[in-house]
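Below is run_16.cif, holding mmCIF, C-alpha atoms and all ligand atoms.
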data_coords
#
loop_
_atom_site.label_atom_id
_atom_site.label_comp_id
_atom_site.auth_asym_id
_atom_site.auth_seq_id
_atom_site.Cartn_x
_atom_site.Cartn_y
_atom_site.Cartn_z
CA MET A 65 0.00 0.00 0.00
CA SER A 66 2.85 2.30 0.86
CA THR A 67 4.71 4.17 -1.85
CA ILE A 68 6.20 6.81 0.44
CA GLN A 69 6.93 4.16 3.05
CA ASP A 70 8.83 2.19 0.41
CA THR A 71 10.97 5.08 -0.75
CA LEU A 72 11.60 6.12 2.84
CA SER A 73 12.35 2.57 3.98
CA ASN A 74 12.78 2.13 7.69
CA GLU A 75 16.48 1.26 7.80
CA PRO A 76 18.70 4.16 6.72
CA ILE A 77 17.79 6.94 9.13
CA ARG A 78 18.22 4.75 12.15
CA GLU A 79 21.65 3.71 10.93
CA ARG A 80 22.58 7.29 10.18
CA LEU A 81 21.54 8.44 13.64
CA GLY A 82 23.17 5.50 15.37
CA LEU A 83 19.87 4.07 16.64
CA ARG A 84 19.14 0.39 17.14
CA PRO A 85 16.93 -1.06 14.35
CA ILE A 86 14.30 -2.42 16.70
CA ILE A 87 11.42 -4.66 15.72
CA ASN A 88 8.32 -3.59 17.64
CA VAL A 89 6.13 -6.43 18.84
CA SER A 90 5.00 -4.52 21.90
CA GLY A 91 2.13 -2.56 20.33
CA THR A 92 1.50 1.15 19.89
CA MET A 93 4.09 2.15 22.47
CA THR A 94 4.84 5.85 22.57
CA ALA A 95 8.26 5.05 24.04
CA LEU A 96 9.09 3.27 20.75
CA GLY A 97 7.60 5.82 18.39
CA ALA A 98 3.98 4.63 18.65
CA SER A 99 3.07 3.35 15.16
CA ILE A 100 3.94 3.22 11.47
CA ILE A 101 2.57 6.50 10.14
CA VAL A 102 0.34 5.91 7.11
CA PRO A 103 1.70 7.26 3.78
CA GLU A 104 -1.23 9.65 3.36
CA ALA A 105 -0.37 11.34 6.67
CA ILE A 106 3.34 11.54 5.80
CA LYS A 107 2.39 13.16 2.50
CA ALA A 108 0.10 15.70 4.17
CA MET A 109 2.79 16.58 6.71
CA ALA A 110 5.38 17.08 3.98
CA GLU A 111 2.97 19.18 1.90
CA ILE A 112 2.04 21.56 4.68
CA ALA A 113 5.50 21.87 6.23
CA PRO A 114 6.69 24.74 3.98
CA GLN A 115 3.31 26.56 3.87
CA PHE A 116 1.82 29.24 6.10
CA VAL A 117 -1.67 28.64 7.37
CA GLU A 118 -4.04 30.33 9.79
CA MET A 119 -3.92 27.85 12.63
CA ASP A 120 -7.45 28.53 13.90
CA ASP A 121 -8.75 27.81 10.39
CA LEU A 122 -6.72 24.61 10.16
CA GLN A 123 -8.15 23.51 13.51
CA ARG A 124 -11.64 24.50 12.27
CA LYS A 125 -11.15 22.13 9.31
CA ALA A 126 -9.83 19.47 11.69
CA SER A 127 -12.94 19.96 13.83
CA ALA A 128 -15.15 19.08 10.87
CA VAL A 129 -13.15 15.92 10.11
CA ILE A 130 -13.17 14.87 13.77
CA ALA A 131 -16.91 15.52 13.96
CA ARG A 132 -17.54 13.39 10.88
CA LEU A 133 -15.44 10.48 12.09
CA THR A 134 -16.53 10.46 15.73
CA GLY A 135 -20.10 11.69 15.49
CA SER A 136 -19.19 14.61 17.77
CA GLU A 137 -20.37 18.21 17.53
CA ALA A 138 -16.79 19.47 17.27
CA GLY A 139 -13.17 18.65 17.99
CA PHE A 140 -9.58 19.82 17.92
CA VAL A 141 -6.08 18.41 17.65
CA THR A 142 -3.55 18.59 20.47
CA ALA A 143 0.06 17.50 20.96
CA SER A 144 -0.92 14.20 22.61
CA ALA A 145 -3.74 12.44 24.41
CA ALA A 146 -2.13 13.51 27.68
CA SER A 147 -2.43 17.16 26.65
CA SER A 148 -5.98 16.48 25.42
CA ILE A 149 -6.87 15.31 28.93
CA ALA A 150 -5.33 18.38 30.58
CA MET A 151 -6.89 20.85 28.14
CA SER A 152 -10.33 19.22 28.38
CA ILE A 153 -10.22 19.28 32.17
CA ALA A 154 -9.02 22.88 32.21
CA GLY A 155 -11.87 23.72 29.83
CA SER A 156 -14.40 22.09 32.15
CA MET A 157 -13.11 24.40 34.89
CA THR A 158 -12.86 27.72 33.02
CA GLY A 159 -15.47 27.52 30.30
CA THR A 160 -14.78 30.44 27.97
CA ARG A 161 -13.58 32.85 30.70
CA LEU A 162 -10.33 34.08 29.15
CA LEU A 163 -8.88 35.61 32.32
CA ALA A 164 -9.59 32.41 34.25
CA ILE A 165 -7.71 30.53 31.48
CA GLU A 166 -4.67 32.76 31.97
CA ARG A 167 -4.80 32.37 35.75
CA LEU A 168 -4.53 28.56 35.78
CA PRO A 169 -3.13 26.56 37.37
CA ASP A 170 -2.40 28.24 40.68
CA ASP A 171 -5.35 30.65 40.82
CA THR A 172 -8.66 28.83 40.53
CA THR A 173 -10.65 31.43 42.44
CA GLY A 174 -14.33 31.02 41.70
CA LEU A 175 -13.82 27.91 39.55
CA LYS A 176 -14.88 24.34 40.10
CA ASN A 177 -11.64 22.50 40.76
CA GLU A 178 -12.40 18.86 41.55
CA VAL A 179 -12.27 15.97 39.07
CA ILE A 180 -13.69 12.58 39.98
CA VAL A 181 -11.88 9.48 38.82
CA GLN A 182 -12.27 5.88 39.94
CA MET A 183 -9.23 4.75 41.94
CA GLY A 184 -8.77 1.75 39.63
CA HIS A 185 -8.46 4.18 36.71
CA VAL A 186 -5.49 6.11 38.07
CA VAL A 187 -3.06 4.74 35.50
CA ASN A 188 0.45 5.43 34.35
CA TYR A 189 0.94 5.54 30.57
CA GLY A 190 4.46 6.91 30.81
CA GLY A 191 3.16 9.73 32.98
CA VAL A 192 0.61 9.57 35.77
CA ILE A 193 -2.92 10.52 34.81
CA ASP A 194 -3.74 12.46 37.98
CA GLN A 195 -0.94 14.86 37.05
CA SER A 196 -2.99 15.81 33.97
CA ILE A 197 -5.64 16.88 36.48
CA ARG A 198 -3.30 18.55 38.97
CA MET A 199 -1.48 20.54 36.29
CA CYS A 200 -4.75 22.38 35.62
CA GLY A 201 -4.94 23.44 39.24
CA ALA A 202 -7.63 20.85 39.95
CA ARG A 203 -7.63 18.04 42.46
CA ALA A 204 -8.30 14.41 41.62
CA VAL A 205 -11.07 13.06 43.85
CA LEU A 206 -10.56 9.31 43.92
CA ALA A 207 -13.76 7.28 43.97
CA GLY A 208 -13.94 3.74 45.32
CA THR A 209 -10.98 1.46 45.97
CA VAL A 210 -8.49 -0.29 43.69
CA SER A 211 -10.75 -3.33 43.51
CA VAL A 212 -14.30 -2.02 43.59
CA THR A 213 -16.30 1.12 42.87
CA GLN A 214 -19.97 1.29 43.70
CA PRO A 215 -22.38 3.93 42.44
CA TYR A 216 -22.45 5.80 45.75
CA HIS A 217 -18.66 6.26 45.64
CA VAL A 218 -19.10 8.51 42.61
CA ASP A 219 -22.51 9.92 43.46
CA GLU A 220 -21.56 11.15 46.94
CA ALA A 221 -18.17 12.42 45.76
CA ILE A 222 -19.88 14.97 43.52
CA THR A 223 -19.97 18.43 45.11
CA GLU A 224 -20.59 21.97 43.92
CA LYS A 225 -16.83 22.06 43.18
CA THR A 226 -16.93 19.12 40.74
CA ALA A 227 -15.78 20.32 37.32
CA ALA A 228 -15.74 16.98 35.50
CA ALA A 229 -15.42 13.24 35.87
CA LEU A 230 -12.73 11.29 34.05
CA TYR A 231 -13.25 7.72 32.79
CA VAL A 232 -10.31 5.70 31.46
CA VAL A 233 -10.68 2.92 28.90
CA ALA A 234 -7.41 1.03 28.74
CA HIS A 235 -5.67 -2.24 29.49
CA HIS A 236 -3.83 -0.22 32.15
CA THR A 237 -6.90 0.08 34.39
CA VAL A 238 -8.15 -2.47 36.89
CA GLN A 239 -10.19 -4.76 34.64
CA TYR A 240 -12.88 -5.78 37.16
CA GLY A 241 -15.01 -4.22 39.87
CA MET A 242 -15.13 -0.79 38.22
CA LEU A 243 -18.28 1.02 37.13
CA SER A 244 -19.12 0.58 33.47
CA LEU A 245 -19.13 3.70 31.32
CA PRO A 246 -22.96 3.80 31.07
CA GLU A 247 -23.27 3.51 34.88
CA PHE A 248 -20.64 6.23 35.39
CA ILE A 249 -22.31 8.54 32.87
CA GLU A 250 -25.74 8.05 34.40
CA ILE A 251 -24.53 9.03 37.88
CA CYS A 252 -22.56 12.04 36.63
CA HIS A 253 -25.22 13.35 34.26
CA ALA A 254 -27.88 13.17 36.98
CA LYS A 255 -25.86 15.93 38.66
CA ASN A 256 -24.83 17.74 35.46
CA VAL A 257 -21.18 16.69 35.66
CA PRO A 258 -19.56 16.25 32.24
CA VAL A 259 -17.79 12.96 31.57
CA ILE A 260 -14.43 12.97 29.81
CA VAL A 261 -13.34 9.58 28.43
CA ASP A 262 -9.67 8.81 27.92
CA ALA A 263 -9.88 6.38 24.99
CA ALA A 264 -6.33 7.10 23.81
CA SER A 265 -5.63 3.59 22.65
CA GLU A 266 -9.07 2.51 21.41
CA TYR A 267 -10.22 1.74 17.87
CA ASP A 268 -13.83 2.74 18.45
CA LEU A 269 -14.11 6.37 17.39
CA ARG A 270 -17.87 6.65 17.92
CA GLY A 271 -19.00 4.34 20.70
CA PHE A 272 -17.99 6.37 23.76
CA LEU A 273 -19.72 9.52 22.56
CA ALA A 274 -22.69 7.46 21.41
CA ALA A 275 -22.86 6.07 24.96
CA GLY A 276 -23.26 9.63 26.23
CA ALA A 277 -19.71 10.78 27.02
CA ASP A 278 -19.33 14.56 26.73
CA ILE A 279 -15.72 14.35 25.52
CA ALA A 280 -13.77 11.44 24.05
CA ILE A 281 -10.00 11.62 23.71
CA TYR A 282 -7.80 9.65 21.32
CA SER A 283 -4.12 9.47 20.46
CA GLY A 284 -3.42 10.31 16.83
CA HIS A 285 -0.33 8.14 16.88
CA LYS A 286 -1.72 4.85 18.12
CA PHE A 287 -4.16 2.77 16.07
CA LEU A 288 -4.91 5.74 13.80
CA SER A 289 -1.27 5.61 12.64
CA GLY A 290 -0.97 9.37 12.40
CA PRO A 291 1.74 11.69 13.69
CA THR A 292 2.23 12.28 17.40
CA SER A 293 -0.93 14.10 18.42
CA GLY A 294 -4.11 13.92 20.44
CA ILE A 295 -7.74 14.32 19.46
CA VAL A 296 -10.49 15.90 21.53
CA ALA A 297 -14.04 15.19 20.31
CA GLY A 298 -17.37 15.99 21.88
CA ARG A 299 -19.83 18.62 22.99
CA LYS A 300 -19.19 21.92 21.26
CA ASP A 301 -19.14 24.13 24.39
CA LEU A 302 -16.63 21.86 26.12
CA VAL A 303 -14.53 21.47 22.98
CA ARG A 304 -14.42 25.25 22.58
CA ALA A 305 -13.46 25.74 26.23
CA GLY A 306 -10.73 23.12 25.86
CA TYR A 307 -9.43 24.68 22.65
CA LEU A 308 -9.17 28.08 24.32
CA GLN A 309 -6.58 26.61 26.68
CA ASN A 310 -4.14 27.14 23.81
CA ARG A 311 -4.01 30.66 25.29
CA GLY A 312 -3.22 29.20 28.71
CA ILE A 313 -1.74 25.98 30.03
CA GLY A 314 -2.06 24.44 26.56
CA ARG A 315 0.49 26.82 25.07
CA GLY A 316 3.37 24.68 26.28
CA MET A 317 1.73 21.66 24.62
CA LYS A 318 1.45 23.33 21.23
CA VAL A 319 0.67 21.12 18.28
CA GLY A 320 2.18 22.02 14.92
CA LYS A 321 0.49 22.47 11.55
CA GLU A 322 2.18 19.31 10.30
CA SER A 323 0.65 17.18 13.05
CA ILE A 324 -2.81 18.65 12.52
CA ALA A 325 -2.67 18.04 8.76
CA GLY A 326 -1.17 14.60 9.34
CA VAL A 327 -3.81 13.46 11.77
CA MET A 328 -6.59 14.82 9.54
CA ALA A 329 -5.22 12.64 6.74
CA ALA A 330 -4.93 9.66 9.08
CA LEU A 331 -8.57 10.11 10.12
CA GLU A 332 -9.76 10.28 6.52
CA VAL A 333 -7.78 7.14 5.68
CA TRP A 334 -9.25 5.39 8.72
CA GLU A 335 -12.65 5.56 7.03
CA LYS A 336 -11.31 3.81 3.93
CA ARG A 337 -8.82 1.56 5.64
CA ASP A 338 -8.94 -2.12 4.78
CA HIS A 339 -9.59 -3.16 8.39
CA ALA A 340 -10.37 -6.75 7.42
CA GLY A 341 -7.15 -6.96 5.41
CA ILE A 342 -5.10 -5.62 8.32
CA ARG A 343 -6.78 -8.06 10.67
CA ALA A 344 -5.99 -10.93 8.29
CA ARG A 345 -2.33 -9.88 8.10
CA GLU A 346 -2.13 -9.75 11.89
CA GLN A 347 -3.82 -13.13 12.13
CA SER A 348 -1.30 -14.68 9.75
CA ALA A 349 1.56 -13.46 11.96
CA LEU A 350 -0.20 -14.91 15.01
CA ASP A 351 -0.76 -18.23 13.21
CA LEU A 352 2.89 -18.33 12.20
CA TRP A 353 4.04 -17.66 15.78
CA LEU A 354 1.65 -20.23 17.18
CA ALA A 355 2.89 -22.86 14.72
CA ARG A 356 6.58 -22.10 15.28
CA LEU A 357 6.54 -21.62 19.07
CA ALA A 358 3.97 -24.15 20.33
CA GLY A 359 5.86 -27.19 21.57
CA LEU A 360 9.11 -25.37 22.27
CA LYS A 361 10.52 -26.55 25.58
CA GLY A 362 9.27 -24.45 28.47
CA LEU A 363 6.98 -22.14 26.49
CA ALA A 364 3.17 -22.21 26.65
CA VAL A 365 1.62 -20.08 23.93
CA ARG A 366 -1.91 -19.06 23.13
CA ILE A 367 -3.74 -16.34 21.23
CA ILE A 368 -5.72 -13.99 23.42
CA PRO A 369 -8.04 -11.10 22.60
CA ASP A 370 -7.38 -7.47 23.50
CA PRO A 371 -8.59 -6.73 27.04
CA THR A 372 -10.63 -3.67 26.02
CA SER A 373 -12.21 -5.36 22.99
CA ASN A 374 -10.16 -3.64 20.31
CA PRO A 375 -10.26 -5.86 17.21
CA LEU A 376 -6.75 -7.13 17.85
CA ASP A 377 -5.39 -10.41 19.19
CA ARG A 378 -1.96 -11.04 20.64
CA LEU A 379 0.19 -14.09 21.33
CA GLU A 380 0.72 -14.73 25.03
CA ILE A 381 3.99 -16.52 25.79
CA LYS A 382 4.15 -18.07 29.23
CA VAL A 383 7.77 -18.77 30.10
CA LEU A 384 8.17 -21.84 32.33
CA PRO A 385 11.30 -22.79 34.30
CA GLU A 386 12.07 -25.71 31.92
CA SER A 387 12.93 -23.13 29.27
CA GLY A 388 15.93 -22.00 31.28
CA PHE A 389 14.59 -18.46 31.16
CA THR A 390 12.31 -16.29 33.16
CA ALA A 391 9.86 -14.21 31.16
CA ALA A 392 11.94 -11.14 32.00
CA GLY A 393 15.12 -12.97 31.02
CA LEU A 394 13.74 -14.05 27.64
CA ALA A 395 12.34 -10.57 26.97
CA GLN A 396 15.74 -9.09 27.74
CA ALA A 397 17.54 -11.64 25.54
CA LEU A 398 15.23 -10.69 22.65
CA ALA A 399 15.86 -6.99 23.26
CA ALA A 400 19.60 -7.72 23.17
CA SER A 401 19.32 -9.70 19.91
CA SER A 402 20.34 -8.49 16.51
CA PRO A 403 18.01 -7.01 15.38
CA PRO A 404 16.60 -6.09 18.78
CA ILE A 405 13.06 -7.38 19.35
CA ILE A 406 10.96 -5.45 21.86
CA VAL A 407 8.07 -7.50 23.26
CA ARG A 408 5.02 -6.38 25.21
CA ASN A 409 6.32 -6.90 28.72
CA HIS A 410 4.11 -4.96 31.10
CA GLU A 411 3.03 -8.15 32.89
CA VAL A 412 6.42 -9.83 32.83
CA GLU A 413 6.51 -10.34 36.60
CA ARG A 414 3.53 -12.67 36.15
CA GLY A 415 5.71 -15.00 34.06
CA HIS A 416 4.50 -14.07 30.61
CA PHE A 417 4.80 -11.51 27.86
CA TYR A 418 2.95 -10.87 24.63
CA LEU A 419 3.78 -10.52 20.95
CA ASP A 420 1.65 -7.80 19.38
CA PRO A 421 1.33 -8.05 15.58
CA CYS A 422 -0.10 -4.57 14.93
CA ASN A 423 3.15 -2.77 14.10
CA LEU A 424 5.07 -5.29 12.02
CA HIS A 425 6.84 -4.42 8.80
CA PRO A 426 6.53 -7.21 6.18
CA GLY A 427 8.59 -10.26 7.07
CA GLU A 428 9.45 -9.21 10.61
CA GLU A 429 7.15 -11.89 12.03
CA HIS A 430 9.61 -14.50 10.72
CA THR A 431 12.60 -12.76 12.31
CA VAL A 432 10.77 -12.74 15.64
CA ALA A 433 9.89 -16.44 15.47
CA ASP A 434 13.40 -17.41 14.29
CA GLN A 435 15.03 -15.57 17.17
CA ILE A 436 12.78 -17.06 19.86
CA VAL A 437 13.39 -20.57 18.47
CA ARG A 438 17.14 -19.89 18.37
CA LEU A 439 17.26 -18.70 21.98
CA ILE A 440 15.18 -21.61 23.31
CA GLU A 441 17.01 -24.28 21.28
CA ALA A 442 20.49 -22.92 22.03
CA PRO A 443 22.61 -25.26 24.16
CA SER A 444 23.49 -22.48 26.59
CA ARG A 445 21.74 -19.51 28.14
CA PRO A 446 22.84 -15.88 28.09
CA ASP A 447 23.75 -14.06 31.30
CA ASN A 448 20.60 -12.84 32.99
CA ALA A 449 18.45 -15.62 31.50
CA MET A 450 16.88 -15.98 34.94
CA LEU A 451 16.50 -12.25 35.42
CA THR A 452 13.89 -11.18 37.93
CA PRO A 453 11.86 -8.18 36.79
CA THR A 454 13.02 -4.91 38.20
CA LYS A 455 11.42 -1.51 38.34
CA SER A 456 14.83 0.17 38.42
CA THR A 457 14.98 3.77 37.23
CA ALA A 458 18.78 3.81 37.14
CA ALA A 459 18.99 3.99 33.34
CA ALA A 460 16.51 6.88 33.21
CA LEU A 461 18.52 8.79 35.74
CA ARG A 462 21.72 8.38 33.68
CA TRP A 463 20.19 9.99 30.59
CA PRO A 464 21.72 11.43 28.34
CA ASP A 465 24.70 9.22 29.23
C1 LIG A 501 -1.20 6.14 25.48
C2 LIG A 501 -2.23 6.57 26.45
C3 LIG A 501 -2.27 7.88 26.91
C4 LIG A 501 -1.25 8.88 26.50
O1 LIG A 501 -1.36 9.13 25.14
P1 LIG A 501 -0.36 10.14 24.43
O2 LIG A 501 -1.05 10.50 23.18
O3 LIG A 501 0.90 9.40 24.19
O4 LIG A 501 -0.18 11.30 25.35
C5 LIG A 501 -3.27 8.24 27.76
N1 LIG A 501 -4.18 7.36 28.17
C6 LIG A 501 -4.18 6.07 27.77
C7 LIG A 501 -5.25 5.16 28.23
C8 LIG A 501 -3.20 5.63 26.88
O5 LIG A 501 -3.19 4.36 26.45
#
Translate the structure of the given file into structure tokens.
Amino acid sequence: MSTIQDTLSNEPIRERLGLRPIINVSGTMTALGASIIVPEAIKAMAEIAPQFVEMDDLQRKASAVIARLTGSEAGFVTASAASSIAMSIAGSMTGTRLLAIERLPDDTTGLKNEVIVQMGHVVNYGGVIDQSIRMCGARAVLAGTVSVTQPYHVDEAITEKTAAALYVVAHHTVQYGMLSLPEFIEICHAKNVPVIVDAASEYDLRGFLAAGADIAIYSGHKFLSGPTSGIVAGRKDLVRAGYLQNRGIGRGMKVGKESIAGVMAALEVWEKRDHAGIRAREQSALDLWLARLAGLKGLAVRIIPDPTSNPLDRLEIKVLPESGFTAAGLAQALAASSPPIIVRNHEVERGHFYLDPCNLHPGEEHTVADQIVRLIEAPSRPDNAMLTPTKSTAAALRWPD
């Protein structure tokens, strides 16, 4: 499908910059560059890069595209889903009061400044979500416990200071015991509290708004395969109030013309995308992995669906002691391979990791299978094969060394 992708193949620039040519089987990870940007978005970014545009007009055009794709009244593009969350929350506090927008975050005089979020939704996606609330000058009011929220936890937490309620749809959240989105919306709307849904990593562009959410937020750079960006879609008054934060706390999160044009193109392509074809390609990688890896000593493999019902399956690899590896040890050995293979390892302390087929370049599925077979069938084990997972931040603290 990809003429521009072919001419700009994925090898040379990494070599030139001295970067490792990683194969991404971890998913749409922002820490790895998120996704393969679709050619149409790359083209739009290149076309607009040398041109001047009136940014409010460009965002007005983006609003129309977002509205068409999501079924919203309006929308705008931000630098990331994280900035979309902050700007939407700030908008729910200030409305269109321009001086209030300039006074955030430390002066919230006269503004509602509480945001309700279920405790099991306080996730970390590289940053902590309650910071997106606190950076607006609001306070996160945690409802329920890590394992259960009941309706009264949200209902009685609502006060005259409640600006909004935030609902997170993600594999990161506690996957049981939480209120469903319809339950959450019903409680909040009964008291006129707008509901903002963080759906950064979801395929479904319409369902959350159709369910009654006032704002739905997406990442442009995850399944949409656009440039790094965020999308805010929803009720026009809230969208407008959020957009006006570009004059306030949003200024430091400024999105460029190239990202707006790129994500508009990615949205338009999403409508025409061959979703069934993509699914079939992912399935053939999964089938290949299942065939090559089932029966390897010490590995138990199975295909499992996405936890939040995105139309995407992954291969779970349970790493048993007979393999001579721990899951963390095998993941590290793959990351140290040539080429490096980065697996989906957020549950590695539970003895398994996943292979995610959604960001493969053609043929990479074979390289991944070959390397796992090689490591398991090798007569010896690398150092650290029995690595225990660590949450060490030492490497982060050494950056840029
Ligand atoms: C990835 C993610 C984010 C952050 O998205 P960015 O666009 O990278 O800022 C926020 N929330 C959830 C649920 C995510 O998966």
Closest contacts (chain A/ligand LIG 501 (chain A), max 6 Å, all atoms listed in the file) as CSV:
residue,atom,partner,partner_atom,distance
A:Thr94,CA,A:LIG501,O3,5.5
A:Ser144,CA,A:LIG501,O2,3.7
A:Ala145,CA,A:LIG501,O2,3.5
A:Ala146,CA,A:LIG501,O4,3.8
A:Tyr189,CA,A:LIG501,C2,5.3
A:Val233,CA,A:LIG501,C7,5.9
A:Ala234,CA,A:LIG501,C7,4.7
A:Asp262,CA,A:LIG501,N1,5.7
A:Ala263,CA,A:LIG501,C7,5.8
A:Ala264,CA,A:LIG501,C6,4.6
A:Ser265,CA,A:LIG501,O5,4.6
A:Ser283,CA,A:LIG501,O2,4.2
A:Ser293,CA,A:LIG501,O2,6.0
A:Gly294,CA,A:LIG501,O2,5.3
Under the rule of at most 8 Å, produce a per-residue listing of range 157-272 of chain A near range 308-322 of chain A: chain, number, name, the closest pair of atoms, and the distance in Å, as JSON lines, using all atoms listed in the file.
{"residue": "A:Thr160", "atom": "CA", "partner": "A:Leu308", "partner_atom": "CA", "distance": 7.1}
{"residue": "A:Leu162", "atom": "CA", "partner": "A:Leu308", "partner_atom": "CA", "distance": 7.8}
{"residue": "A:Ile165", "atom": "CA", "partner": "A:Gly312", "partner_atom": "CA", "distance": 5.4}
{"residue": "A:Glu166", "atom": "CA", "partner": "A:Gly312", "partner_atom": "CA", "distance": 5.0}
{"residue": "A:Arg167", "atom": "CA", "partner": "A:Gly312", "partner_atom": "CA", "distance": 7.9}
{"residue": "A:Leu168", "atom": "CA", "partner": "A:Ile313", "partner_atom": "CA", "distance": 6.9}
{"residue": "A:Pro169", "atom": "CA", "partner": "A:Ile313", "partner_atom": "CA", "distance": 7.5}
{"residue": "A:Cys200", "atom": "CA", "partner": "A:Ile313", "partner_atom": "CA", "distance": 7.3}
| request: Mind checking which residues fall within 9 Å of Gly271 in chain A, counting all atoms listed in the file, ignoring those fewer than 4 positions away in the same chain, and posting them as a list in words? | output: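 Residues meeting the cut-off are Thr134, Ala275 and Gly276 of chain A.
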| With all atoms listed in the file as the atoms that count, which of A:Val327, A:Val210, A:Ala433, A:Ile86 lies nearest to Gln239 in chain A? |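 So, comparing all the options, the nearest one is A:Val210.
One distance worth recording is that between CA of Leu350 in chain A and CA of Pro426 in chain A, which is 13.5 Å.
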| Nearest-residue call for Ser402 in chain A, choices A:Pro375, A:Pro85, A:Gly155, A:Pro76, using all atoms listed in the file |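 Looking only at the distances to Ser402 in chain A, the closest residue turns out to be A:Pro85.
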| remark: Expressed in Å, the length from CA of Gly159 in chain A to CA of Leu175 in chain A is 9.4 Å
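Nearest to Glu266 in chain A of all the residues A:Ile197, A:Leu376, A:Ala329, A:Ala143 is A:Leu376, counting only C-alpha atoms.
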| note | If you count all atoms listed in the file, the residue of A:Ala364, A:Ala277, A:Ala105, A:Ala397 closest to Gly290 in chain A turns out to be A:Ala105
| field | Point-to-point distance in Å for CA of Val232 in chain A and CA of Pro453 in chain A | value |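 Value for the CA of Pro453 in chain A-CA of Val232 in chain A distance: 26.7 Å.
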| message | Taking all atoms listed in the file into account, name the residue in A:Ile436, A:Leu288, A:Met151, A:Met183 that is nearest to Lys336 in chain A. | response |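 That would be A:Leu288, the residue with the smallest distance to Lys336 in chain A.
Nearest to Asp278 in chain A of all the residues A:Leu363, A:Ile153, A:Leu243, A:Leu394 is A:Ile153, counting all atoms listed in the file.
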Taking (-3.6, -6.3, 22.7) in the file's coordinates as the center, which residues reach within 12 Å of it, counting only C-alpha atoms, put as a PDB file with C-alpha atoms, in the frame of the given file?
ATOM      1  CA  VAL A  89       6.130  -6.430  18.840  1.00  0.00           C
ATOM      2  CA  SER A  90       5.000  -4.520  21.900  1.00  0.00           C
ATOM      3  CA  GLY A  91       2.130  -2.560  20.330  1.00  0.00           C
ATOM      4  CA  THR A  92       1.500   1.150  19.890  1.00  0.00           C
ATOM      5  CA  MET A  93       4.090   2.150  22.470  1.00  0.00           C
ATOM      6  CA  ALA A 234      -7.410   1.030  28.740  1.00  0.00           C
ATOM      7  CA  HIS A 235      -5.670  -2.240  29.490  1.00  0.00           C
ATOM      8  CA  HIS A 236      -3.830  -0.220  32.150  1.00  0.00           C
ATOM      9  CA  SER A 265      -5.630   3.590  22.650  1.00  0.00           C
ATOM     10  CA  GLU A 266      -9.070   2.510  21.410  1.00  0.00           C
ATOM     11  CA  TYR A 267     -10.220   1.740  17.870  1.00  0.00           C
ATOM     12  CA  PHE A 287      -4.160   2.770  16.070  1.00  0.00           C
ATOM     13  CA  GLU A 346      -2.130  -9.750  11.890  1.00  0.00           C
ATOM     14  CA  ILE A 367      -3.740 -16.340  21.230  1.00  0.00           C
ATOM     15  CA  ILE A 368      -5.720 -13.990  23.420  1.00  0.00           C
ATOM     16  CA  PRO A 369      -8.040 -11.100  22.600  1.00  0.00           C
ATOM     17  CA  ASP A 370      -7.380  -7.470  23.500  1.00  0.00           C
ATOM     18  CA  PRO A 371      -8.590  -6.730  27.040  1.00  0.00           C
ATOM     19  CA  THR A 372     -10.630  -3.670  26.020  1.00  0.00           C
ATOM     20  CA  SER A 373     -12.210  -5.360  22.990  1.00  0.00           C
ATOM     21  CA  ASN A 374     -10.160  -3.640  20.310  1.00  0.00           C
ATOM     22  CA  PRO A 375     -10.260  -5.860  17.210  1.00  0.00           C
ATOM     23  CA  LEU A 376      -6.750  -7.130  17.850  1.00  0.00           C
ATOM     24  CA  ASP A 377      -5.390 -10.410  19.190  1.00  0.00           C
ATOM     25  CA  ARG A 378      -1.960 -11.040  20.640  1.00  0.00           C
ATOM     26  CA  LEU A 379       0.190 -14.090  21.330  1.00  0.00           C
ATOM     27  CA  GLU A 380       0.720 -14.730  25.030  1.00  0.00           C
ATOM     28  CA  VAL A 407       8.070  -7.500  23.260  1.00  0.00           C
ATOM     29  CA  ARG A 408       5.020  -6.380  25.210  1.00  0.00           C
ATOM     30  CA  ASN A 409       6.320  -6.900  28.720  1.00  0.00           C
ATOM     31  CA  HIS A 410       4.110  -4.960  31.100  1.00  0.00           C
ATOM     32  CA  PHE A 417       4.800 -11.510  27.860  1.00  0.00           C
ATOM     33  CA  TYR A 418       2.950 -10.870  24.630  1.00  0.00           C
ATOM     34  CA  LEU A 419       3.780 -10.520  20.950  1.00  0.00           C
ATOM     35  CA  ASP A 420       1.650  -7.800  19.380  1.00  0.00           C
ATOM     36  CA  PRO A 421       1.330  -8.050  15.580  1.00  0.00           C
ATOM     37  CA  CYS A 422      -0.100  -4.570  14.930  1.00  0.00           C
ATOM     38  CA  ASN A 423       3.150  -2.770  14.100  1.00  0.00           C
TER      39      ASN A 423
END
| field | Point (9.8, 5.1, 17.7) neighbourhood (12 Å, only C-alpha atoms) written as an MDAnalysis selection string | value | chainID A and resid 74 77:78 83:88 90:101 285:286 291:292 406 423
